[in-house]
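To keep things clear, I will list the structure first and then write my remarks on it.
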Number of protein chains: 2
Amino acid sequence: MSARVLREGRVRLWLEPEDRGLAYGDGVFETLLVHQGQPVWWREHWRRLLRGAQALGLPLPDEAEVRRECAALVGESARAVLKIILTRGCGGRGYQPPPAATPTVVLSSHPAPEPMARGLTLRWARTTLAIQPALAGIKHLNRLEQVLARREWDDPGIDEALMCDGEDRVISAVSANLFALVGGRWLTPSVQRCGVAGIAREWLLANVPGAEEADLAAAEVSHAEALLLCNSVRGILPVRRLGMREWPGDEAATALRARLAEAQPAFAD
Amino acid sequence: MSARVLREGRVRLWLEPEDRGLAYGDGVFETLLVHQGQPVWWREHWRRLLRGAQALGLPLPDEAEVRRECAALVGESARAVLKIILTRGCGGRGYQPPPAATPTVVLSSHPAPEPMARGLTLRWARTTLAIQPALAGIKHLNRLEQVLARREWDDPGIDEALMCDGEDRVISAVSANLFALVGGRWLTPSVQRCGVAGIAREWLLANVPGAEEADLAAAEVSHAEALLLCNSVRGILPVRRLGMREWPGDEAATALRARLAEAQPAFAD
């Protein structure tokens, strides 16, 4: 992994310990797939970064500068993961943001995950997602719930865990959104109360006829005709197992995967 | 403000951009008053830091090393604020913590706040505290709710805001705990669902006869015989106003303030 920190027009390798991203998680982030040297879905990621920044009142970074440094960082990588963190920068008296904040942008590049050779095996997380409409949907830096949920298992045979909110609605996996095929339609939980408005989720909602948001209880997910997880690094991943439930075929999710690969060749691998 | 970063036995002035404290708010912190060169309530703060670290499964720092660097940082300051951040350090694949994490400790020293010449003026925050028992009580780094609540006002005549949870229980101020005198007893909200288990709050619960935890609705707080806020930097602060409600006298809180100053002379100022 290599990283760059952009602050006040300069590029550095280190972060000021006074940064509010560290102090309070006062920022947002994006994780992009890089394919043939190009960040995939750049426009969608940038738009979501700005949406989150506006919701939190963060100072906005310069897109051209960030894009240029991203290009320098990932170079000609055939395949990598690019992470962009935006914080409110330094300063302020306690929680109160400084009146004229200047943003910090942290870029880092990471190896791309291996393609999945099989459908995913999921478990249920005991850690729940707190209901907080003021932060729901935003990919912000307050991610302790995800850290706690991911700490619940270390069996490498388990790929992901599904998380519910404090009122027993299923919301998402730890680092992916969930779609469940119910009565022939792909349903995904709302992200109005908690959860992240994923870019791949948006693509599915916009491009799959009948796909829509719905409240889902754990039993409905377990009894669904099929499940898939999605995120903007891995695209669409069919689910093979959830606890004791097994889905022998994955034709429905695989068909969507092929459709995504047509629209966005980076996801053909 | 000056800062030091302790990692793997070394002291530096900068933070690695890969630190999980930045990426996920994966850590805890303490804010201590320094009086005549000494951190006040060190033992209590250290104990809470460890409790939070254990709840999150963070690697534990060496107390003697941290204490030594704190002393070097604050020197002979007559009065200052010392902040200690502990994070899970660097590494791990996504949310999954690395199997052998080494802690990062960030120390910083700040000017002490001015003593309050008058009782506090409070407002109600619109931002609520999400109910999350897995994180409640812990002084962790996921503090966007506090940042959002503090952004709600910039009138310097307002000192603090009271926050409710998502089910309309009053929990605390943005950066202090709350006690309300009701029927002659000092009551403070539970921090089992959200909020921070403050050190000054613990002192009051342990040292004021009849002080105890109770669920409080907004109306009960508004109609209380007296209110006070407390934290370990400012000690006990009487409240004079909350929205339209005014308490002309502050004898009850001032009596507790005097009692705290007796037990802990740092709070006599």
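We label chains A, B, ... in the order they appear in the structure tokens, count residues from 1 in each chain, and number ligands from 1 in the order shown.
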
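The Cα RMSD of chain B against chain A, after a best least-squares fit over all residues paired in order, is 0.0 Å.
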
Residues near A:Gln96, anyone? I mean within 9 Å using only C-alpha atoms, not counting same-chain ones fewer than 5 positions away, as a PDB file with C-alpha atoms, in the first residue's frame.
ATOM      1  CA  GLY A  91      -8.527  22.872  14.000  1.00  0.00           C
TER       2      GLY A  91
ATOM      3  CA  GLN B 146     -21.269  15.591  18.447  1.00  0.00           C
ATOM      4  CA  VAL B 147     -19.756  17.496  15.520  1.00  0.00           C
ATOM      5  CA  LEU B 148     -23.189  17.815  13.880  1.00  0.00           C
ATOM      6  CA  ALA B 149     -24.796  18.926  17.154  1.00  0.00           C
ATOM      7  CA  ARG B 150     -22.053  21.504  17.774  1.00  0.00           C
ATOM      8  CA  ARG B 151     -22.490  22.867  14.243  1.00  0.00           C
ATOM      9  CA  ASP B 154     -22.527  29.669  16.507  1.00  0.00           C
TER      10      ASP B 154
END

With chain A as the partner and 9 Å as the cut-off, tabulate the residues of chain B that qualify, each row holding the nearest pair of atoms and their distance in Å to one decimal, using only C-alpha atoms, sorted by chain and rising number, as CSV.
residue,atom,partner,partner_atom,distance
B:Met1,CA,A:Glu18,CA,8.8
B:Ser2,CA,A:Glu18,CA,8.8
B:Ala3,CA,A:Pro17,CA,6.8
B:Arg4,CA,A:Pro17,CA,7.7
B:Val5,CA,A:Pro17,CA,7.3
B:Leu13,CA,A:Pro17,CA,7.4
B:Trp14,CA,A:Glu16,CA,5.4
B:Leu15,CA,A:Leu15,CA,5.0
B:Glu16,CA,A:Trp14,CA,5.4
B:Pro17,CA,A:Leu15,CA,5.5
B:Glu18,CA,A:Ala3,CA,7.5
B:Asp19,CA,A:Leu22,CA,8.6
B:Arg20,CA,A:Leu22,CA,8.6
B:Gly21,CA,A:Leu22,CA,5.4
B:Leu22,CA,A:Leu22,CA,4.3
B:Ala23,CA,A:Leu141,CA,6.2
B:Tyr24,CA,A:Arg143,CA,4.6
B:Gly25,CA,A:Gly25,CA,5.2
B:Asp26,CA,A:Leu144,CA,5.9
B:Gly27,CA,A:Leu144,CA,8.5
B:Phe29,CA,A:Ala23,CA,8.4
B:Leu56,CA,A:Leu148,CA,7.0
B:Gly57,CA,A:Arg151,CA,8.7
B:Ile85,CA,A:Ala23,CA,7.8
B:Gly94,CA,A:Ser175,CA,8.5
B:Tyr95,CA,A:Val147,CA,5.0
B:Gln96,CA,A:Arg150,CA,5.4
B:Pro97,CA,A:Arg151,CA,7.0
B:Val106,CA,A:Pro17,CA,6.9
B:Leu107,CA,A:Pro17,CA,8.6
B:Ser108,CA,A:Glu18,CA,8.2
B:Thr127,CA,A:Ala134,CA,7.3
B:Thr128,CA,A:Gln132,CA,7.7
B:Leu129,CA,A:Gln132,CA,7.5
B:Ala130,CA,A:Gln132,CA,5.4
B:Ile131,CA,A:Ala130,CA,5.7
B:Gln132,CA,A:Ala130,CA,5.3
B:Pro133,CA,A:Ala130,CA,8.9
B:Ala134,CA,A:Thr127,CA,7.3
B:Leu135,CA,A:Glu145,CA,8.2
B:His140,CA,A:Tyr24,CA,8.6
B:Leu141,CA,A:Tyr24,CA,5.1
B:Asn142,CA,A:Asn142,CA,4.7
B:Arg143,CA,A:Tyr24,CA,4.7
B:Leu144,CA,A:Asp26,CA,6.0
B:Glu145,CA,A:Leu135,CA,8.2
B:Gln146,CA,A:Tyr95,CA,6.4
B:Val147,CA,A:Tyr95,CA,5.0
B:Leu148,CA,A:Leu56,CA,7.0
B:Ala149,CA,A:Tyr95,CA,8.7
B:Arg150,CA,A:Gln96,CA,5.4
B:Arg151,CA,A:Gln96,CA,6.2
B:Asp154,CA,A:Gln96,CA,8.8
B:Gly166,CA,A:Ile131,CA,7.7
B:Val174,CA,A:Tyr95,CA,8.2
B:Ser175,CA,A:Tyr95,CA,8.0

request  = Enumerate the residues of stretch 78-265 of chain A with a DSSP assignment of alpha helix (DSSP H), computed from the backbone, and present them as a ChimeraX atom specification.
outcome  = /A:144-150,199-207,218-222,251-263

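Here atom CA of A:Gln54 is placed at a distance of 16.2 Å from atom CA of A:Ile84.
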